[in-house]
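Pasted below: target.pdb, PDB, C-alpha atoms.
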```pdb
ATOM      1  CA  MET A  17      86.502 108.633 109.646
ATOM      2  CA  TYR A  18      87.525 106.604 106.600
ATOM      3  CA  THR A  19      84.958 106.191 103.850
ATOM      4  CA  LEU A  20      83.784 102.685 102.988
ATOM      5  CA  VAL A  21      80.320 103.594 101.716
ATOM      6  CA  TYR A  22      79.454 106.790  99.877
ATOM      7  CA  SER A  23      77.209 108.469  97.321
ATOM      8  CA  ILE A  24      78.012 110.922  94.550
ATOM      9  CA  ASN A  25      74.449 112.211  94.470
ATOM     10  CA  LYS A  26      73.364 115.279  96.385
ATOM     11  CA  GLU A  27      69.893 114.017  97.213
ATOM     12  CA  GLU A  28      69.262 112.853 100.750
ATOM     13  CA  ASN A  29      68.132 109.362  99.732
ATOM     14  CA  PRO A  30      70.364 108.211  96.854
ATOM     15  CA  GLN A  31      69.430 105.117  94.876
ATOM     16  CA  THR A  32      73.019 104.301  93.857
ATOM     17  CA  VAL A  33      75.537 103.653  96.627
ATOM     18  CA  TYR A  34      79.266 103.008  96.201
ATOM     19  CA  ILE A  35      81.583 100.782  98.229
ATOM     20  CA  ASN A  36      85.236 101.831  98.615
ATOM     21  CA  LEU A  37      86.822  98.514  99.641
ATOM     22  CA  THR A  38      90.501  99.256  99.147
ATOM     23  CA  ASN A  39      93.060 101.736  97.858
ATOM     24  CA  ALA A  40      95.274  99.014  96.389
ATOM     25  CA  CYS A  41      95.272  98.596  92.610
ATOM     26  CA  THR A  42      97.156  96.619  89.973
ATOM     27  CA  ASN A  43      96.980  99.558  87.582
ATOM     28  CA  ASP A  44      98.305 103.100  87.848
ATOM     29  CA  CYS A  45      96.215 104.788  85.162
ATOM     30  CA  VAL A  46      97.395 108.201  84.021
ATOM     31  CA  PHE A  47      93.865 109.633  84.247
ATOM     32  CA  CYS A  48      92.956 108.206  87.669
ATOM     33  CA  LEU A  49      91.157 110.651  89.953
ATOM     34  CA  ARG A  50      93.101 109.508  92.995
ATOM     35  CA  THR A  51      96.276 111.075  91.578
ATOM     36  CA  GLN A  52      94.513 114.444  91.555
ATOM     37  CA  LYS A  53      92.499 114.600  94.777
ATOM     38  CA  ASP A  54      91.885 112.751  98.024
ATOM     39  CA  ASP A  55      88.105 112.894  98.190
ATOM     40  CA  VAL A  56      84.892 112.185  96.322
ATOM     41  CA  CYS A  57      82.141 114.703  97.041
ATOM     42  CA  GLY A  58      83.975 115.710 100.197
ATOM     43  CA  LYS A  59      84.385 112.136 101.467
ATOM     44  CA  GLU A  60      87.981 111.155 102.256
ATOM     45  CA  MET A  61      88.718 108.049 100.186
ATOM     46  CA  TRP A  62      92.107 106.952 101.469
ATOM     47  CA  HIS A  63      92.187 104.240 104.143
ATOM     48  CA  ASP A  64      94.410 101.360 105.220
ATOM     49  CA  ASP A  65      91.995  98.404 104.851
ATOM     50  CA  SER A  66      91.773  98.032 108.641
ATOM     51  CA  TYR A  67      88.048  97.353 108.790
ATOM     52  CA  ASN A  68      85.659  94.412 108.903
ATOM     53  CA  LEU A  69      82.287  93.486 107.432
ATOM     54  CA  ASN A  70      80.397  95.116 110.290
ATOM     55  CA  ASP A  71      82.079  98.439 109.496
ATOM     56  CA  ILE A  72      80.741  98.318 105.936
ATOM     57  CA  ILE A  73      77.276  97.359 107.161
ATOM     58  CA  ALA A  74      77.313 100.207 109.680
ATOM     59  CA  GLN A  75      78.160 102.783 107.012
ATOM     60  CA  PHE A  76      75.630 101.275 104.603
ATOM     61  CA  ASP A  77      72.876 101.613 107.190
ATOM     62  CA  LYS A  78      72.141 105.265 106.361
ATOM     63  CA  TYR A  79      71.506 104.331 102.713
ATOM     64  CA  LYS A  80      69.607 101.070 103.096
ATOM     65  CA  SER A  81      66.142 102.567 102.862
ATOM     66  CA  SER A  82      66.771 104.190  99.475
ATOM     67  CA  ALA A  83      69.463 102.074  97.814
ATOM     68  CA  LYS A  84      68.459 100.232  94.667
ATOM     69  CA  GLU A  85      71.964  99.638  93.337
ATOM     70  CA  VAL A  86      75.286  98.988  95.063
ATOM     71  CA  VAL A  87      78.479  99.548  93.075
ATOM     72  CA  PHE A  88      81.882  98.360  94.250
ATOM     73  CA  CYS A  89      83.992 101.293  93.117
ATOM     74  CA  GLY A  90      86.427 103.475  95.019
ATOM     75  CA  TYR A  91      90.094 104.415  95.098
ATOM     76  CA  GLY A  92      91.287 100.885  94.293
ATOM     77  CA  GLU A  93      90.475  97.565  92.625
ATOM     78  CA  PRO A  94      87.558  95.877  94.447
ATOM     79  CA  PHE A  95      88.627  92.333  93.562
ATOM     80  CA  LEU A  96      91.781  92.779  95.634
ATOM     81  CA  LYS A  97      89.378  92.466  98.580
ATOM     82  CA  LYS A  98      87.572  89.555  96.947
ATOM     83  CA  ASP A  99      86.512  87.741 100.114
ATOM     84  CA  MET A 100      85.252  90.908 101.786
ATOM     85  CA  MET A 101      83.336  91.815  98.647
ATOM     86  CA  LYS A 102      81.780  88.364  98.564
ATOM     87  CA  ASP A 103      80.761  88.611 102.235
ATOM     88  CA  PHE A 104      79.018  91.933 101.675
ATOM     89  CA  CYS A 105      77.296  90.603  98.548
ATOM     90  CA  LEU A 106      75.972  87.704 100.624
ATOM     91  CA  TYR A 107      74.732  90.184 103.233
ATOM     92  CA  LEU A 108      72.934  92.201 100.546
ATOM     93  CA  ARG A 109      71.407  89.140  98.890
ATOM     94  CA  LYS A 110      70.068  87.930 102.222
ATOM     95  CA  ASN A 111      68.713  91.231 103.485
ATOM     96  CA  PHE A 112      68.064  93.316 100.367
ATOM     97  CA  PRO A 113      67.519  90.862  97.476
ATOM     98  CA  TYR A 114      66.024  93.597  95.268
ATOM     99  CA  ILE A 115      69.255  95.630  95.210
ATOM    100  CA  LYS A 116      71.271  95.322  92.009
ATOM    101  CA  ILE A 117      75.008  94.740  92.513
ATOM    102  CA  ARG A 118      77.703  95.919  90.117
ATOM    103  CA  VAL A 119      81.490  95.773  90.282
ATOM    104  CA  ASN A 120      83.640  98.349  88.483
ATOM    105  CA  THR A 121      86.915  96.539  87.835
ATOM    106  CA  ASN A 122      90.129  96.555  85.846
ATOM    107  CA  GLY A 123      89.503  92.918  84.954
ATOM    108  CA  HIS A 124      92.729  91.535  86.403
ATOM    109  CA  ALA A 125      91.162  89.279  89.044
ATOM    110  CA  ASN A 126      91.385  85.936  87.240
ATOM    111  CA  GLN A 127      95.014  86.590  86.355
ATOM    112  CA  ILE A 128      95.822  87.595  89.933
ATOM    113  CA  TYR A 129      94.161  84.647  91.652
ATOM    114  CA  LYS A 130      94.701  82.073  88.877
ATOM    115  CA  VAL A 131      91.059  80.989  89.221
ATOM    116  CA  ASN A 132      87.838  81.847  87.434
ATOM    117  CA  THR A 133      86.341  84.315  89.908
ATOM    118  CA  ALA A 134      83.150  84.425  87.840
ATOM    119  CA  GLU A 135      82.187  81.076  89.306
ATOM    120  CA  GLU A 136      82.518  82.520  92.809
ATOM    121  CA  PHE A 137      80.326  85.530  92.051
ATOM    122  CA  LYS A 138      77.686  83.867  89.900
ATOM    123  CA  GLY A 139      74.359  84.684  91.520
ATOM    124  CA  LEU A 140      75.950  87.282  93.798
ATOM    125  CA  ILE A 141      76.556  90.140  91.375
ATOM    126  CA  ASP A 142      74.406  91.291  88.486
ATOM    127  CA  SER A 143      76.973  93.062  86.359
ATOM    128  CA  VAL A 144      80.581  94.112  85.921
ATOM    129  CA  SER A 145      81.959  97.198  84.216
ATOM    130  CA  VAL A 146      85.447  96.403  82.956
ATOM    131  CA  SER A 147      88.034  99.050  82.077
ATOM    132  CA  LEU A 148      89.374  98.423  78.568
ATOM    133  CA  ASN A 149      90.943 101.873  78.065
ATOM    134  CA  ALA A 150      92.881 101.037  74.890
ATOM    135  CA  SER A 151      92.651  99.248  71.561
ATOM    136  CA  THR A 152      96.124  97.679  71.747
ATOM    137  CA  GLU A 153      98.297  96.100  74.397
ATOM    138  CA  LYS A 154     101.022  98.699  73.889
ATOM    139  CA  GLU A 155      98.593 101.562  74.364
ATOM    140  CA  TYR A 156      97.044  99.848  77.395
ATOM    141  CA  ASN A 157     100.438  99.465  79.049
ATOM    142  CA  ASP A 158     101.202 103.124  78.378
ATOM    143  CA  ILE A 159      97.899 104.412  79.776
ATOM    144  CA  CYS A 160      97.167 101.951  82.584
ATOM    145  CA  LYS A 161     100.720 101.033  83.648
ATOM    146  CA  PRO A 162      99.724  97.553  84.908
ATOM    147  CA  LYS A 163     101.707  95.863  87.654
ATOM    148  CA  ILE A 164     100.901  92.316  86.518
ATOM    149  CA  GLU A 165     102.000  90.234  83.542
ATOM    150  CA  ASN A 166      99.797  89.888  80.458
ATOM    151  CA  ALA A 167      97.319  92.416  81.834
ATOM    152  CA  TYR A 168      95.643  93.457  78.571
ATOM    153  CA  ASN A 169      94.858  89.936  77.433
ATOM    154  CA  SER A 170      93.743  88.995  80.933
ATOM    155  CA  VAL A 171      91.112  91.751  80.736
ATOM    156  CA  LYS A 172      89.653  90.134  77.613
ATOM    157  CA  ASP A 173      89.728  86.688  79.205
ATOM    158  CA  PHE A 174      87.975  88.107  82.280
ATOM    159  CA  VAL A 175      85.171  89.464  80.116
ATOM    160  CA  LYS A 176      84.716  86.110  78.380
ATOM    161  CA  ALA A 177      84.565  84.310  81.721
ATOM    162  CA  TYR A 178      81.939  86.622  83.166
ATOM    163  CA  LYS A 179      79.820  86.517  80.012
ATOM    164  CA  SER A 180      79.942  82.713  80.158
ATOM    165  CA  ALA A 181      78.760  82.858  83.773
ATOM    166  CA  GLY A 182      75.655  84.777  82.726
ATOM    167  CA  ILE A 183      76.769  88.051  84.310
ATOM    168  CA  ASP A 184      76.057  91.273  82.408
ATOM    169  CA  VAL A 185      79.307  92.799  81.141
ATOM    170  CA  SER A 186      80.160  96.227  79.809
ATOM    171  CA  MET A 187      83.559  97.595  78.839
ATOM    172  CA  SER A 188      84.601 101.218  79.124
ATOM    173  CA  ILE A 189      87.270 103.598  78.000
ATOM    174  CA  VAL A 190      88.169 107.106  79.168
ATOM    175  CA  THR A 191      88.861 109.761  76.552
ATOM    176  CA  GLY A 192      89.821 113.408  76.622
ATOM    177  CA  PHE A 193      92.156 113.242  79.603
ATOM    178  CA  ASP A 194      95.170 114.653  77.722
ATOM    179  CA  ASP A 195      96.400 115.654  74.265
ATOM    180  CA  ILE A 196      98.893 112.803  73.991
ATOM    181  CA  HIS A 197      96.741 109.674  73.842
ATOM    182  CA  ASN A 198      94.459 109.431  70.835
ATOM    183  CA  ILE A 199      92.430 106.344  71.629
ATOM    184  CA  ASP A 200      90.742 104.563  68.747
ATOM    185  CA  VAL A 201      87.207 104.655  70.114
ATOM    186  CA  LYS A 202      85.670 102.676  67.265
ATOM    187  CA  GLU A 203      88.206  99.865  67.582
ATOM    188  CA  CYS A 204      87.640  99.714  71.335
ATOM    189  CA  GLU A 205      83.915  99.439  70.688
ATOM    190  CA  ASN A 206      84.569  96.657  68.177
ATOM    191  CA  ILE A 207      86.670  94.781  70.742
ATOM    192  CA  ALA A 208      83.944  95.059  73.374
ATOM    193  CA  HIS A 209      81.225  93.867  71.015
ATOM    194  CA  SER A 210      83.397  91.013  69.740
ATOM    195  CA  LEU A 211      83.597  89.785  73.336
ATOM    196  CA  GLY A 212      79.841  90.066  73.777
ATOM    197  CA  ALA A 213      80.078  93.119  76.025
ATOM    198  CA  LYS A 214      78.336  96.469  75.972
ATOM    199  CA  PHE A 215      80.496  99.534  75.392
ATOM    200  CA  ARG A 216      80.775 102.920  77.025
ATOM    201  CA  ASN A 217      83.029 105.864  76.206
ATOM    202  CA  ARG A 218      83.434 107.915  79.385
ATOM    203  CA  GLU A 219      84.497 111.485  78.697
ATOM    204  CA  PHE A 220      87.094 112.587  81.244
ATOM    205  CA  ILE A 221      85.751 114.858  84.001
ATOM    206  CA  ALA A 222      88.469 116.749  85.833
ATOM    207  CA  ASN A 223      86.693 116.560  89.188
ATOM    208  CA  GLY A 224      85.658 112.942  88.630
ATOM    209  CA  TYR A 225      81.898 113.423  89.011
TER     210      TYR A 225
END
```
Using structure tokens, write down the structure from this file.
Amino acid sequence: MYTLVYSINKEENPQTVYINLTNACTNDCVFCLRTQKDDVCGKEMWHDDSYNLNDIIAQFDKYKSSAKEVVFCGYGEPFLKKDMMKDFCLYLRKNFPYIKIRVNTNGHANQIYKVNTAEEFKGLIDSVSVSLNASTEKEYNDICKPKIENAYNSVKDFVKAYKSAGIDVSMSIVTGFDDIHNIDVKECENIAHSLGAKFRNREFIANGY
């Protein structure tokens, strides 16, 4: 059975639950876990997007009594299933208004859709965690290998848009994944703070969790 909803915690009643909406992505990051393994905590993460809202709800059912946070994060970019994500957010807001909702994203959505998606998700999501991953456009292109034009600058514009919409924003980088890329952590932190975002340096974990 394909995995749409999962947990990385071993406890029986996890408070944080993850939603694996799609395997499609507009980046091909050199450190991405999906290039190394097919599962997260034993849950097969690859699927072909052939599901509907009721399938997500059905898989979420086992977690609904304990969940306090839902995070859209899997083996792809959640915003590529924007409408499905919105539908599930509406379901959560109606039935579990106390649950916090976060989206882990590469920040390409506004560039992809040519609209300000922040306006669509205002009031639906509480926060976004945006992958910065580099202090320069050249370094970003080398590490993330984006499939869209002007990707690096679009990430910054995405952050500005979501901050303006009153949504909590953090930016992250991954370090320690090889001996080739020496990311300027301090400059990345400066970029995040200059955009009004929080900053997180995520040390690379070979197994992903």
(request) Can you turn the PyMOL selection byres ((chain A and resi 40-52) around 9) into a concrete residue list for this file, as an MDAnalysis selection string? (result) chainID A and resid 38:39 53:55 61:62 91:94 96 122 124 158:164 190 193:194 220 222:224
(message) Quick one: residues within 12 Å of Asp71 (chain A), only C-alpha atoms, excluding same-chain residues fewer than 6 positions away - as a PyMOL selection string?
(response) chain A and resi 17-21+35-37+65+77+100+104
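The result of the PyMOL selection byres ((chain A and resi 127) around 10) on the shown file is Gly123, His124, Ala125, Asn126, Ile128, Tyr129, Lys130, Val131, Asn132, Thr133, Ile164, Glu165, Asn166, Ala167, Asn169, Ser170, Val171, Asp173 and Phe174 of chain A.
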(message) Ranking A:Lys98, A:Lys59, A:Lys78, A:Arg216 by minimum distance to Ser145 (chain A) and counting only C-alpha atoms, which one comes first?
(response) A:Arg216
(request) Could you please determine the separation between CA of Val33 (chain A) and CA of Val146 (chain A) in Å, to one decimal place? (result)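 Computing it gives 18.4 Å between the two atoms.
If all atoms listed in the file are the atoms counted, then among A:Ile221, A:Cys57, A:Met101, A:Leu108 the closest residue to Lys80 (chain A) is A:Leu108.
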(request) Would you list the contacts of Asp184 (chain A) as a ChimeraX atom specification, taking every protein, DNA or RNA residue within 9 Å and counting all atoms listed in the file, but skipping same-chain residues closer than 6 positions in sequence? (result) /A:142-145,178,213-214
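The spacing separating CA of Gln31 (chain A) from CA of Lys84 (chain A) amounts to 5.0 Å.
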(message) Restricting the calculation to only C-alpha atoms: of A:Cys204, A:Ile24, A:Thr32, A:Val185, which residue gets closest to Glu153 (chain A)?
(response)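 The answer is A:Cys204, which sits nearest to Glu153 (chain A).
Restricting the calculation to only C-alpha atoms, the smallest distance between Glu203 (chain A) and any of A:Ala150, A:Leu69, A:Ala177, A:Ile141 is found for A:Ala150.
The nearest approach to Val86 (chain A) among the residues A:Lys116, A:His63, A:Lys176, A:His209, with only C-alpha atoms taken into account, belongs to A:Lys116.
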(request) Would you work out the distance separating CA of Met187 (chain A) from CA of Ser147 (chain A), expressed in Å to one decimal? (result) 5.7 Å
(request) Find, counting only C-alpha atoms, the residue in A:Glu85, A:Glu60, A:Glu205, A:Glu135 that gets nearest to Ser186 (chain A). (result)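 Checking each of A:Glu85, A:Glu60, A:Glu205, A:Glu135 against Ser186 (chain A), counting only C-alpha atoms, the winner is A:Glu205.
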(message) Take the PyMOL selection byres ((chain A and resi 201) around 12), run it mentally on this structure, and tell me the resulting residues as a ChimeraX atom specification.
(response) /A:148-152,187-192,197-200,202-208,215-219
